[in-house]
>>> print(open('upload_4.cif').read())   # mmCIF, C-alpha atoms and all ligand atoms
data_my_file
#
loop_
_atom_site.label_atom_id
_atom_site.label_comp_id
_atom_site.auth_asym_id
_atom_site.auth_seq_id
_atom_site.Cartn_x
_atom_site.Cartn_y
_atom_site.Cartn_z
CA MET A 1 -7.08 2.22 -66.37
CA ALA A 2 -5.69 -1.34 -66.15
CA GLY A 3 -7.92 -4.21 -67.32
CA ILE A 4 -8.29 -5.70 -63.85
CA GLU A 5 -9.37 -2.35 -62.38
CA LEU A 6 -11.92 -1.93 -65.12
CA LEU A 7 -13.26 -5.40 -64.39
CA LEU A 8 -13.53 -4.60 -60.68
CA LEU A 9 -15.28 -1.34 -61.44
CA SER A 10 -17.83 -3.05 -63.68
CA LEU A 11 -18.45 -5.62 -60.94
CA ILE A 12 -19.02 -2.84 -58.44
CA LEU A 13 -21.34 -1.05 -60.85
CA ALA A 14 -23.30 -4.25 -61.44
CA GLU A 15 -23.63 -4.95 -57.72
CA THR A 16 -24.51 -1.46 -56.57
CA SER A 17 -28.20 -0.89 -56.05
CA VAL A 18 -28.21 2.06 -53.67
CA ALA A 19 -29.31 5.51 -54.83
CA LEU A 20 -26.72 8.21 -55.37
CA ASP A 21 -25.83 9.22 -51.87
CA ASN A 22 -23.92 12.47 -52.13
CA GLY A 23 -26.63 14.20 -50.09
CA LEU A 24 -27.03 16.92 -52.74
CA ALA A 25 -29.93 18.36 -54.74
CA LEU A 26 -32.62 17.21 -52.33
CA THR A 27 -34.68 19.90 -54.05
CA PRO A 28 -34.06 20.88 -57.68
CA PRO A 29 -30.79 22.87 -58.04
CA MET A 30 -31.20 26.62 -58.59
CA GLY A 31 -28.68 28.91 -60.19
CA TRP A 32 -27.36 30.25 -63.44
CA LEU A 33 -25.81 28.52 -66.45
CA ALA A 34 -24.06 30.34 -69.26
CA TRP A 35 -25.00 28.42 -72.40
CA GLN A 36 -28.37 29.53 -73.72
CA ARG A 37 -27.62 33.24 -73.51
CA PHE A 38 -23.85 33.37 -74.04
CA ARG A 39 -23.16 30.25 -76.15
CA CYS A 40 -19.58 30.07 -77.40
CA VAL A 41 -18.70 33.75 -77.75
CA ILE A 42 -14.90 33.74 -77.41
CA ASP A 43 -14.16 37.10 -79.07
CA CYS A 44 -13.48 39.28 -76.03
CA THR A 45 -12.08 42.08 -78.17
CA ASN A 46 -15.35 42.80 -79.92
CA TYR A 47 -17.69 41.49 -77.22
CA PRO A 48 -15.96 42.15 -73.90
CA ASP A 49 -19.18 41.96 -71.86
CA GLU A 50 -20.49 38.80 -73.47
CA CYS A 51 -17.55 36.52 -74.10
CA ILE A 52 -16.99 33.36 -72.03
CA SER A 53 -14.44 34.74 -69.59
CA GLU A 54 -13.80 35.04 -65.87
CA GLN A 55 -15.30 38.56 -66.06
CA LEU A 56 -18.66 37.18 -67.14
CA PHE A 57 -18.84 34.71 -64.24
CA LYS A 58 -17.61 37.21 -61.67
CA ARG A 59 -20.12 39.78 -62.85
CA THR A 60 -22.88 37.17 -62.74
CA ALA A 61 -21.92 36.16 -59.20
CA ASP A 62 -21.98 39.82 -58.15
CA LEU A 63 -25.43 40.32 -59.69
CA MET A 64 -26.83 37.09 -58.25
CA VAL A 65 -26.27 38.64 -54.85
CA SER A 66 -26.85 42.37 -55.48
CA GLU A 67 -30.04 41.85 -57.52
CA GLY A 68 -31.60 39.59 -54.89
CA TYR A 69 -31.48 36.24 -56.75
CA ALA A 70 -29.36 34.61 -54.06
CA ASP A 71 -31.85 35.66 -51.38
CA VAL A 72 -34.66 33.68 -53.03
CA GLY A 73 -32.56 30.53 -53.55
CA TYR A 74 -30.50 30.83 -56.73
CA GLU A 75 -27.16 29.41 -55.72
CA TYR A 76 -24.96 27.84 -58.43
CA VAL A 77 -22.99 29.89 -60.98
CA ILE A 78 -22.12 27.40 -63.71
CA ILE A 79 -19.74 27.64 -66.64
CA ASP A 80 -20.85 25.85 -69.82
CA ASP A 81 -18.81 25.00 -72.93
CA CYS A 82 -15.88 27.00 -74.37
CA TRP A 83 -13.94 27.68 -71.16
CA LEU A 84 -11.12 25.26 -72.00
CA ALA A 85 -7.81 25.77 -73.72
CA SER A 86 -7.47 23.73 -76.89
CA SER A 87 -5.12 21.25 -75.22
CA ARG A 88 -4.27 19.79 -71.80
CA ASP A 89 -1.26 20.96 -69.78
CA ALA A 90 2.11 19.21 -69.63
CA TYR A 91 0.79 16.88 -66.89
CA GLY A 92 -2.30 15.92 -68.87
CA ARG A 93 -4.63 18.08 -66.80
CA LEU A 94 -7.43 20.29 -68.05
CA GLN A 95 -6.63 23.97 -68.25
CA PRO A 96 -8.77 27.01 -69.07
CA ASP A 97 -8.18 29.34 -71.97
CA PRO A 98 -5.32 31.51 -70.68
CA ASP A 99 -6.53 34.76 -72.24
CA ARG A 100 -10.12 34.56 -71.07
CA PHE A 101 -9.43 32.96 -67.66
CA PRO A 102 -6.02 34.43 -66.76
CA SER A 103 -6.52 33.91 -63.01
CA GLY A 104 -7.38 30.23 -63.42
CA ILE A 105 -10.46 28.29 -62.40
CA LYS A 106 -9.54 27.85 -58.73
CA ALA A 107 -9.39 31.64 -58.31
CA LEU A 108 -12.77 31.99 -60.03
CA ALA A 109 -14.29 29.33 -57.77
CA ASP A 110 -12.84 31.17 -54.77
CA TYR A 111 -14.45 34.38 -55.98
CA VAL A 112 -17.85 32.74 -56.41
CA HIS A 113 -17.53 31.13 -52.97
CA SER A 114 -16.59 34.47 -51.44
CA LYS A 115 -20.04 35.71 -52.49
CA GLY A 116 -21.68 32.86 -50.59
CA LEU A 117 -22.51 31.05 -53.85
CA LYS A 118 -21.54 27.70 -55.36
CA PHE A 119 -19.49 27.09 -58.46
CA GLY A 120 -20.17 24.72 -61.36
CA ILE A 121 -18.31 23.66 -64.47
CA TYR A 122 -18.95 21.87 -67.78
CA GLU A 123 -17.22 18.96 -69.44
CA ASP A 124 -18.08 16.19 -71.86
CA TYR A 125 -17.83 12.42 -71.51
CA GLY A 126 -16.49 12.02 -75.06
CA THR A 127 -13.24 12.89 -76.77
CA ASN A 128 -14.40 16.50 -77.24
CA THR A 129 -16.98 18.88 -75.87
CA CYS A 130 -19.83 19.76 -78.21
CA ALA A 131 -17.94 22.90 -79.25
CA GLY A 132 -14.75 20.91 -79.89
CA TYR A 133 -12.64 21.45 -76.76
CA PRO A 134 -10.91 18.53 -74.97
CA GLY A 135 -13.31 15.98 -73.45
CA ILE A 136 -12.66 13.72 -70.47
CA LEU A 137 -12.48 10.33 -72.22
CA GLY A 138 -9.25 8.63 -71.17
CA HIS A 139 -8.76 11.07 -68.28
CA LEU A 140 -11.76 10.44 -66.03
CA GLU A 141 -9.92 10.02 -62.75
CA THR A 142 -7.54 12.95 -63.34
CA ASP A 143 -10.35 15.29 -64.32
CA ALA A 144 -12.55 14.40 -61.35
CA GLN A 145 -9.59 15.16 -59.10
CA THR A 146 -8.85 18.42 -60.92
CA PHE A 147 -12.45 19.55 -60.34
CA ALA A 148 -12.18 18.68 -56.66
CA ASP A 149 -8.83 20.52 -56.42
CA TRP A 150 -10.50 23.57 -57.94
CA GLU A 151 -13.32 23.28 -55.38
CA VAL A 152 -16.03 22.76 -57.95
CA ASP A 153 -19.54 22.14 -56.52
CA TYR A 154 -21.44 21.07 -59.65
CA VAL A 155 -20.42 19.25 -62.82
CA LYS A 156 -22.46 19.20 -66.03
CA LEU A 157 -21.20 16.30 -68.14
CA ASP A 158 -22.30 16.52 -71.77
CA GLY A 159 -22.30 13.65 -74.28
CA CYS A 160 -20.99 14.82 -77.64
CA TYR A 161 -18.26 12.87 -79.46
CA ALA A 162 -18.96 9.74 -77.44
CA ASP A 163 -20.36 6.28 -78.15
CA THR A 164 -23.84 6.26 -76.61
CA LYS A 165 -23.49 2.51 -75.96
CA ASP A 166 -20.62 3.23 -73.54
CA MET A 167 -22.55 5.76 -71.48
CA ASN A 168 -24.22 3.32 -69.06
CA GLU A 169 -20.74 2.48 -67.81
CA GLY A 170 -18.82 5.68 -68.50
CA TYR A 171 -21.08 8.17 -66.76
CA PRO A 172 -21.32 6.06 -63.58
CA GLU A 173 -17.57 5.55 -63.67
CA PHE A 174 -16.95 9.29 -63.70
CA GLY A 175 -19.55 9.73 -60.94
CA MET A 176 -17.62 7.27 -58.82
CA TYR A 177 -14.42 9.19 -59.37
CA LEU A 178 -16.21 12.40 -58.37
CA ASN A 179 -17.42 10.73 -55.17
CA ALA A 180 -13.99 9.25 -54.53
CA THR A 181 -12.49 12.74 -54.32
CA GLY A 182 -14.46 13.26 -51.12
CA ARG A 183 -15.76 16.61 -52.35
CA PRO A 184 -19.56 16.67 -52.75
CA MET A 185 -20.34 17.73 -56.32
CA VAL A 186 -23.78 17.82 -57.93
CA TYR A 187 -23.58 15.55 -60.97
CA SER A 188 -25.64 16.62 -63.99
CA CYS A 189 -25.74 13.96 -66.70
CA SER A 190 -26.70 14.32 -70.34
CA TRP A 191 -26.73 10.68 -71.25
CA PRO A 192 -30.49 10.12 -71.72
CA VAL A 193 -30.85 12.74 -74.43
CA TYR A 194 -27.99 11.25 -76.48
CA GLN A 195 -29.18 7.67 -76.04
CA GLU A 196 -32.74 8.56 -77.02
CA GLN A 197 -31.46 10.32 -80.13
CA ASP A 198 -29.76 7.02 -81.03
CA GLY A 199 -32.89 5.00 -80.30
CA LEU A 200 -31.42 3.29 -77.22
CA PRO A 201 -33.57 2.60 -74.14
CA VAL A 202 -32.65 4.76 -71.13
CA ASN A 203 -31.90 2.95 -67.89
CA PHE A 204 -33.50 5.30 -65.37
CA GLU A 205 -32.63 3.12 -62.39
CA LEU A 206 -28.95 3.52 -63.23
CA LEU A 207 -29.41 7.25 -63.80
CA LYS A 208 -30.99 7.69 -60.38
CA GLN A 209 -28.13 5.79 -58.78
CA TYR A 210 -25.43 7.95 -60.26
CA CYS A 211 -26.79 11.35 -61.28
CA ASN A 212 -28.48 14.20 -59.43
CA LEU A 213 -30.15 15.43 -62.61
CA TRP A 214 -30.21 14.59 -66.26
CA ARG A 215 -31.15 16.20 -69.55
CA ASN A 216 -33.97 14.28 -71.25
CA TYR A 217 -34.50 16.29 -74.39
CA GLY A 218 -32.91 18.71 -76.88
CA ASP A 219 -31.53 22.16 -76.13
CA ILE A 220 -33.74 25.08 -75.26
CA ASP A 221 -33.55 28.13 -77.53
CA ASP A 222 -34.75 31.68 -76.97
CA SER A 223 -38.34 31.27 -78.18
CA TRP A 224 -41.90 30.38 -77.17
CA ASN A 225 -41.81 27.56 -79.72
CA SER A 226 -38.88 26.05 -77.95
CA VAL A 227 -40.62 26.25 -74.55
CA THR A 228 -43.81 24.63 -75.86
CA SER A 229 -41.92 21.87 -77.68
CA ILE A 230 -40.18 20.98 -74.40
CA MET A 231 -43.54 21.03 -72.59
CA SER A 232 -44.92 18.78 -75.27
CA TYR A 233 -42.04 16.29 -74.88
CA PHE A 234 -42.44 16.21 -71.10
CA SER A 235 -46.21 15.70 -71.25
CA SER A 236 -46.12 13.10 -74.03
CA ASN A 237 -43.48 11.11 -72.15
CA GLN A 238 -44.68 11.72 -68.60
CA ASP A 239 -45.81 8.16 -67.91
CA ARG A 240 -42.31 6.98 -68.72
CA ILE A 241 -40.20 9.67 -67.06
CA ALA A 242 -42.08 11.70 -64.40
CA HIS A 243 -41.98 9.13 -61.59
CA HIS A 244 -38.18 8.93 -61.74
CA ALA A 245 -37.86 12.43 -60.28
CA GLY A 246 -37.45 12.80 -56.54
CA PRO A 247 -35.18 14.28 -53.87
CA GLY A 248 -31.60 13.95 -55.13
CA HIS A 249 -32.50 13.00 -58.72
CA TRP A 250 -34.38 15.16 -61.24
CA ASN A 251 -35.46 15.28 -64.84
CA ASP A 252 -34.06 18.42 -66.48
CA PRO A 253 -36.06 20.20 -69.21
CA ASP A 254 -33.18 22.71 -69.60
CA MET A 255 -32.55 26.34 -68.67
CA LEU A 256 -34.92 29.21 -67.86
CA ILE A 257 -34.76 31.72 -70.71
CA ILE A 258 -36.74 34.41 -68.86
CA GLY A 259 -35.28 37.91 -69.20
CA ASN A 260 -33.84 37.40 -72.69
CA TYR A 261 -35.19 38.32 -76.14
CA GLY A 262 -37.64 35.55 -76.98
CA LEU A 263 -40.42 35.38 -74.38
CA SER A 264 -43.13 37.91 -73.59
CA LEU A 265 -43.87 38.60 -69.93
CA GLU A 266 -46.89 36.27 -69.99
CA GLN A 267 -44.88 33.53 -71.72
CA SER A 268 -42.21 33.96 -69.07
CA LYS A 269 -44.81 33.26 -66.39
CA VAL A 270 -45.71 30.08 -68.29
CA GLN A 271 -42.12 28.85 -68.24
CA MET A 272 -41.79 29.62 -64.53
CA ALA A 273 -45.08 27.87 -63.71
CA VAL A 274 -44.50 24.76 -65.79
CA TRP A 275 -40.87 24.41 -64.68
CA ALA A 276 -42.13 24.66 -61.07
CA ILE A 277 -44.70 21.93 -61.71
CA LEU A 278 -42.09 19.73 -63.41
CA ALA A 279 -39.78 19.98 -60.36
CA SER A 280 -37.21 21.18 -62.84
CA PRO A 281 -33.82 22.58 -61.96
CA LEU A 282 -34.18 26.38 -62.08
CA LEU A 283 -31.05 27.40 -63.94
CA MET A 284 -31.40 30.84 -65.47
CA SER A 285 -29.48 31.56 -68.64
CA ASN A 286 -29.73 35.29 -69.14
CA ASP A 287 -27.72 38.48 -68.78
CA LEU A 288 -28.41 39.39 -65.17
CA SER A 289 -27.30 42.97 -65.85
CA ALA A 290 -30.08 43.41 -68.41
CA VAL A 291 -33.13 41.62 -66.97
CA GLU A 292 -36.08 44.06 -66.88
CA PRO A 293 -37.79 44.44 -63.50
CA GLN A 294 -41.04 42.68 -64.47
CA PHE A 295 -39.10 39.64 -65.70
CA LYS A 296 -36.93 39.68 -62.62
CA ALA A 297 -40.13 39.61 -60.56
CA VAL A 298 -41.17 36.41 -62.36
CA LEU A 299 -37.78 34.80 -61.73
CA GLN A 300 -37.92 35.89 -58.08
CA ASN A 301 -41.55 34.93 -57.44
CA THR A 302 -41.11 33.19 -54.11
CA ASP A 303 -44.48 31.39 -54.35
CA ALA A 304 -43.54 29.80 -57.67
CA ILE A 305 -40.10 28.95 -56.31
CA ALA A 306 -41.70 27.33 -53.25
CA ILE A 307 -43.75 25.07 -55.54
CA ASN A 308 -40.60 24.15 -57.46
CA GLN A 309 -38.73 23.43 -54.23
CA ASP A 310 -41.56 21.53 -52.53
CA PRO A 311 -39.92 18.99 -50.21
CA LEU A 312 -41.98 16.02 -51.44
CA GLY A 313 -40.20 16.32 -54.78
CA ILE A 314 -43.08 14.83 -56.78
CA GLN A 315 -42.90 15.82 -60.44
CA GLY A 316 -46.22 17.14 -61.73
CA ARG A 317 -47.94 16.24 -64.96
CA ARG A 318 -50.09 17.58 -67.70
CA TYR A 319 -53.47 16.50 -66.46
CA GLY A 320 -55.51 17.43 -69.51
CA LYS A 321 -56.38 20.02 -72.10
CA LYS A 322 -59.59 21.97 -72.67
CA GLN A 323 -60.15 24.34 -75.59
CA ASN A 324 -56.41 24.51 -76.21
CA ILE A 325 -55.68 25.40 -72.60
CA GLU A 326 -53.45 22.86 -70.89
CA ILE A 327 -53.94 21.87 -67.25
CA TRP A 328 -50.76 21.03 -65.34
CA ILE A 329 -51.00 19.69 -61.76
CA ARG A 330 -48.42 18.83 -59.12
CA PRO A 331 -49.05 17.37 -55.64
CA ILE A 332 -47.31 19.39 -52.93
CA THR A 333 -47.28 20.01 -49.20
CA PRO A 334 -49.09 20.49 -46.90
CA VAL A 335 -50.65 17.02 -46.82
CA VAL A 336 -53.60 16.77 -44.41
CA ASN A 337 -55.59 13.60 -43.72
CA GLU A 338 -53.77 11.97 -46.65
CA GLN A 339 -54.97 14.73 -48.97
CA TYR A 340 -52.32 16.59 -50.92
CA SER A 341 -52.28 20.27 -51.67
CA TYR A 342 -51.68 21.04 -55.35
CA ALA A 343 -50.07 23.47 -57.74
CA VAL A 344 -52.40 23.91 -60.70
CA ALA A 345 -51.45 25.80 -63.86
CA PHE A 346 -53.78 26.60 -66.73
CA VAL A 347 -51.56 27.31 -69.71
CA SER A 348 -53.12 28.88 -72.75
CA LEU A 349 -51.78 27.84 -76.13
CA ARG A 350 -54.47 30.02 -77.70
CA THR A 351 -53.60 32.99 -79.86
CA ASP A 352 -57.00 34.64 -80.22
CA GLY A 353 -56.71 38.00 -78.52
CA ILE A 354 -59.18 37.82 -75.63
CA PRO A 355 -58.47 36.64 -72.11
CA TYR A 356 -60.27 33.31 -72.51
CA PRO A 357 -62.88 32.35 -69.86
CA LEU A 358 -62.91 28.85 -68.38
CA GLN A 359 -64.49 27.13 -65.41
CA PHE A 360 -63.89 23.87 -63.58
CA THR A 361 -65.33 21.99 -60.62
CA LEU A 362 -62.83 20.46 -58.23
CA GLN A 363 -63.96 17.02 -59.36
CA GLU A 364 -63.05 17.83 -62.94
CA LEU A 365 -59.54 18.54 -61.71
CA ASN A 366 -59.53 15.41 -59.52
CA LEU A 367 -59.06 17.56 -56.39
CA ASN A 368 -61.04 15.49 -53.92
CA ASN A 369 -60.48 16.91 -50.45
CA PRO A 370 -63.96 16.94 -48.83
CA ASN A 371 -63.41 20.38 -47.26
CA GLY A 372 -62.07 21.96 -50.41
CA TYR A 373 -59.02 24.18 -50.88
CA THR A 374 -57.78 27.69 -50.45
CA PHE A 375 -56.81 28.93 -53.90
CA GLN A 376 -54.18 31.56 -54.47
CA GLU A 377 -53.11 32.85 -57.87
CA LEU A 378 -49.35 33.17 -57.67
CA PHE A 379 -48.74 35.91 -60.22
CA SER A 380 -51.38 38.30 -58.89
CA SER A 381 -51.50 39.86 -55.45
CA ASN A 382 -54.32 39.39 -52.94
CA ASP A 383 -56.13 36.85 -55.08
CA THR A 384 -56.99 34.23 -52.43
CA PHE A 385 -60.33 32.46 -52.13
CA ILE A 386 -61.89 29.22 -50.94
CA ILE A 387 -63.28 26.65 -53.36
CA SER A 388 -65.39 23.87 -51.85
CA GLN A 389 -66.62 20.73 -53.54
CA ASN A 390 -69.83 22.45 -54.69
CA ASP A 391 -68.14 25.52 -56.12
CA THR A 392 -66.76 26.28 -59.54
CA LEU A 393 -63.35 27.76 -60.19
CA GLN A 394 -63.78 30.52 -62.75
CA PHE A 395 -61.03 32.53 -64.39
CA ARG A 396 -59.70 33.92 -67.65
CA VAL A 397 -56.32 33.17 -69.23
CA VAL A 398 -54.58 35.57 -71.61
CA PRO A 399 -53.19 34.30 -74.93
CA THR A 400 -49.97 32.25 -74.45
CA GLY A 401 -50.21 33.03 -70.73
CA VAL A 402 -51.02 31.22 -67.51
CA LYS A 403 -53.14 31.22 -64.38
CA PHE A 404 -51.00 29.57 -61.72
CA TYR A 405 -52.72 28.51 -58.51
CA ARG A 406 -51.63 27.01 -55.25
CA ALA A 407 -54.58 24.98 -53.93
CA THR A 408 -53.90 24.44 -50.25
CA VAL A 409 -55.89 21.64 -48.66
CA ILE A 410 -58.38 22.74 -45.95
CA GLU A 411 -58.45 20.55 -42.86
C1 LIG A 501 -25.01 20.65 -75.90
C2 LIG A 501 -25.79 20.82 -74.61
C3 LIG A 501 -26.00 22.30 -74.32
C4 LIG A 501 -24.66 22.99 -74.24
C5 LIG A 501 -23.87 22.77 -75.52
C6 LIG A 501 -22.45 23.30 -75.39
O1 LIG A 501 -25.74 21.06 -77.02
O2 LIG A 501 -27.03 20.16 -74.66
O3 LIG A 501 -26.72 22.47 -73.11
O4 LIG A 501 -23.96 22.51 -73.12
O5 LIG A 501 -23.80 21.39 -75.84
O6 LIG A 501 -21.70 23.09 -76.54
#
>>> encode(input="upload_4.cif", output="structure tokens")
Amino acid sequence: MAGIELLLLSLILAETSVALDNGLALTPPMGWLAWQRFRCVIDCTNYPDECISEQLFKRTADLMVSEGYADVGYEYVIIDDCWLASSRDAYGRLQPDPDRFPSGIKALADYVHSKGLKFGIYEDYGTNTCAGYPGILGHLETDAQTFADWEVDYVKLDGCYADTKDMNEGYPEFGMYLNATGRPMVYSCSWPVYQEQDGLPVNFELLKQYCNLWRNYGDIDDSWNSVTSIMSYFSSNQDRIAHHAGPGHWNDPDMLIIGNYGLSLEQSKVQMAVWAILASPLLMSNDLSAVEPQFKAVLQNTDAIAINQDPLGIQGRRYGKKQNIEIWIRPITPVVNEQYSYAVAFVSLRTDGIPYPLQFTLQELNLNNPNGYTFQELFSSNDTFIISQNDTLQFRVVPTGVKFYRATVIE
């Protein structure tokens, strides 16, 4: 880009104070993202069903529909790292690995669209992606146009091999090129996590202006430890980050790992409940052909999904902790006489074997509607009851499990 254009762009960036207005992600995006489960497997000879290839994404799109995920709201099928060829084409454009994506990305996007789904792709703001493939630096405008030409609906832009000090300008610049294509694309930014690692302050106002979602913290792995460390980051930092979430712009604690190797069924319910309370994007990273029915039921729990997708878009918080059981609360609709309804999750970090008994008054939970609430436990059937201001909520939570309630305000 010529110097004068760069100057103009920085002036525009400095002057702009409106929120990102691509009309997308008014509730947290839902879909599937390859990375956590499939990483950078590129050996299709030995691992034909697992390698990063057009087959994997076509199969996933098929299963999103046939296994009922699309019906409950999962929508985006998103490629992560390791889809690229090692160099650009003769015109300087990005190109996929020819052996693993022989039909090209446009054909893959068409396939995903033909299933009624949306298609996402991964790139990196720096010189290289985290796995070493070509990054977008020096090619921002071309690459935004290439994604639009391919009919991409969602772009995850990572931040490896980049100077974190340049990100406050570079990420917005790429976002402007995406918008300038005229094709609406959800823009997922990774810049906060890289800046925080370097000890730089994160400019959330800028983030909200240019990104639909952003990664705040390190990568999720396939373990309970990983889930609880992310929960711990989000609760310890909630005063600083939670209020920045809202329709069109979300904090992203990373993918759902439910249905893989690392989480028990009860731990899977915890991830679903806490990710719902955090208004997190619900991006599964699993092998949809191998998810056991009970885990699929957790991923397809429409009550938990409704909490996640609540139209107010208020991110919930960890409200407290009692006897090593965390209390997470999120205000949701319906709102009656200025009183919110709430999602309330009691998450046990205990490992002693009994289902642990607890009780709370509504006041202890700061649920102050004079007429009380209808409580419904979202992972058990037919468990609905009324709790008024004089009652006590009593329940038991299994080790590393959750009781997840919707408390609907009573008029
Ligand atoms: C980073 C990101 C991950 C994934 C990998 C790909 O670690 O945080 O989500 O995209 O890069 O290499």
>>> closest_atom_pairs(input="upload_4.cif", of="chain A", to="ligand LIG 501 (chain A)", cutoff="12 Å", atoms="all atoms listed in the file", output="Markdown table")
| residue | atom | partner | partner_atom | distance |
| --- | --- | --- | --- | --- |
| A:Leu33 | CA | A:LIG501 | O3 | 9.0 |
| A:Ala34 | CA | A:LIG501 | O4 | 8.7 |
| A:Trp35 | CA | A:LIG501 | C4 | 5.7 |
| A:Gln36 | CA | A:LIG501 | O3 | 7.3 |
| A:Arg37 | CA | A:LIG501 | C4 | 10.7 |
| A:Phe38 | CA | A:LIG501 | C6 | 10.3 |
| A:Arg39 | CA | A:LIG501 | C6 | 7.0 |
| A:Cys40 | CA | A:LIG501 | O6 | 7.3 |
| A:Val41 | CA | A:LIG501 | O6 | 11.1 |
| A:Ile52 | CA | A:LIG501 | C6 | 11.9 |
| A:Ile78 | CA | A:LIG501 | O4 | 10.8 |
| A:Ile79 | CA | A:LIG501 | O4 | 9.3 |
| A:Asp80 | CA | A:LIG501 | O4 | 5.6 |
| A:Asp81 | CA | A:LIG501 | C6 | 4.7 |
| A:Cys82 | CA | A:LIG501 | O6 | 7.3 |
| A:Trp83 | CA | A:LIG501 | C6 | 10.5 |
| A:Leu84 | CA | A:LIG501 | O6 | 11.7 |
| A:Ile121 | CA | A:LIG501 | O4 | 10.4 |
| A:Tyr122 | CA | A:LIG501 | O4 | 7.4 |
| A:Glu123 | CA | A:LIG501 | O4 | 8.5 |
| A:Asp124 | CA | A:LIG501 | O5 | 8.7 |
| A:Tyr125 | CA | A:LIG501 | O5 | 11.6 |
| A:Gly126 | CA | A:LIG501 | O5 | 11.9 |
| A:Asn128 | CA | A:LIG501 | O6 | 9.9 |
| A:Thr129 | CA | A:LIG501 | O6 | 6.4 |
| A:Cys130 | CA | A:LIG501 | O6 | 4.2 |
| A:Ala131 | CA | A:LIG501 | O6 | 4.6 |
| A:Gly132 | CA | A:LIG501 | O6 | 8.0 |
| A:Tyr133 | CA | A:LIG501 | O6 | 9.2 |
| A:Pro134 | CA | A:LIG501 | O6 | 11.8 |
| A:Gly135 | CA | A:LIG501 | O6 | 11.4 |
| A:Val155 | CA | A:LIG501 | O4 | 11.4 |
| A:Lys156 | CA | A:LIG501 | O4 | 8.0 |
| A:Leu157 | CA | A:LIG501 | O4 | 8.4 |
| A:Asp158 | CA | A:LIG501 | C2 | 6.2 |
| A:Gly159 | CA | A:LIG501 | C1 | 7.7 |
| A:Cys160 | CA | A:LIG501 | C1 | 7.3 |
| A:Tyr161 | CA | A:LIG501 | O5 | 10.8 |
| A:Ser188 | CA | A:LIG501 | O3 | 10.9 |
| A:Cys189 | CA | A:LIG501 | O2 | 10.2 |
| A:Ser190 | CA | A:LIG501 | O2 | 7.3 |
| A:Trp191 | CA | A:LIG501 | O2 | 10.1 |
| A:Pro192 | CA | A:LIG501 | O2 | 11.0 |
| A:Val193 | CA | A:LIG501 | O2 | 8.3 |
| A:Tyr194 | CA | A:LIG501 | O2 | 9.1 |
| A:Trp214 | CA | A:LIG501 | O2 | 10.6 |
| A:Arg215 | CA | A:LIG501 | O2 | 7.7 |
| A:Asn216 | CA | A:LIG501 | O2 | 9.7 |
| A:Tyr217 | CA | A:LIG501 | O2 | 8.4 |
| A:Gly218 | CA | A:LIG501 | O2 | 6.5 |
| A:Asp219 | CA | A:LIG501 | O2 | 5.1 |
| A:Ile220 | CA | A:LIG501 | O3 | 7.8 |
| A:Asp221 | CA | A:LIG501 | O3 | 9.9 |
| A:Asp252 | CA | A:LIG501 | O3 | 10.7 |
| A:Pro253 | CA | A:LIG501 | O3 | 10.4 |
| A:Asp254 | CA | A:LIG501 | O3 | 7.4 |
| A:Met255 | CA | A:LIG501 | O3 | 8.3 |
| A:Leu256 | CA | A:LIG501 | O3 | 11.8 |
| A:Leu283 | CA | A:LIG501 | O3 | 11.3 |
| A:Ser285 | CA | A:LIG501 | O3 | 10.5 |
>>> residues_around(input="upload_4.cif", residues="Ile332 of chain A", least_positions_apart="5", cutoff="10 Å", atoms="all atoms listed in the file", output="number ranges by chain")
A: 277, 306-316, 339-343, 406-409
>>> closest_residue(input="upload_4.cif", among="A:Met185, A:Leu140, A:Leu108, A:Ile257", to="Phe57 of chain A", atoms="all atoms listed in the file")
A:Leu108
>>> atom_distance(input="upload_4.cif", atom1="atom CA of Ser226 of chain A", atom2="atom CA of Gln197 of chain A")
17.5 Å
>>> closest_residue(input="upload_4.cif", among="A:Asn251, A:Leu117, A:Ser53, A:Gln95", to="Asn237 of chain A", atoms="all atoms listed in the file")
A:Asn251
>>> closest_residue(input="upload_4.cif", among="A:Ser264, A:Ser86, A:Thr27, A:Asn22", to="Pro184 of chain A", atoms="all atoms listed in the file")
A:Asn22
>>> closest_residue(input="upload_4.cif", among="A:Leu288, A:Ile329, A:Val344, A:Ala304", to="Glu67 of chain A", atoms="all atoms listed in the file")
A:Leu288
>>> closest_residue(input="upload_4.cif", among="A:Tyr405, A:Trp275, A:Phe174, A:Tyr373", to="Val335 of chain A", atoms="all atoms listed in the file")
A:Tyr373
>>> closest_atom_pairs(input="upload_4.cif", of="segment 150-256 of chain A", to="segment 393-402 of chain A", cutoff="12 Å", atoms="all atoms listed in the file", output="CSV")
residue,atom,partner,partner_atom,distance
A:Trp224,CA,A:Thr400,CA,8.7
A:Asn225,CA,A:Thr400,CA,10.8
A:Val227,CA,A:Thr400,CA,11.1
A:Thr228,CA,A:Thr400,CA,9.9
>>> atom_distance(input="upload_4.cif", atom1="atom CA of Leu63 of chain A", atom2="atom CA of Tyr47 of chain A")
19.2 Å
>>> closest_residue(input="upload_4.cif", among="A:Leu200, A:Phe379, A:Pro357, A:Asp287", to="Met272 of chain A", atoms="all atoms listed in the file")
A:Phe379
>>> atom_distance(input="upload_4.cif", atom1="atom CA of Gly116 of chain A", atom2="atom CA of Val186 of chain A")
16.9 Å
>>> residues_near_point(input="upload_4.cif", point="(-16.5, 9.8, -58.1)", cutoff="12 Å", atoms="all atoms listed in the file", output="number ranges by chain")
A: 9, 20-22, 140-148, 155, 170-187, 210-211
>>> axis_aligned_box(input="upload_4.cif", around="segment 163-178 of chain A", padding_each_side="8 Å", output="JSON")
{"center_x": -19.3, "center_y": 7.4, "center_z": -68.3, "size_x": 25.8, "size_y": 25.9, "size_z": 35.8}
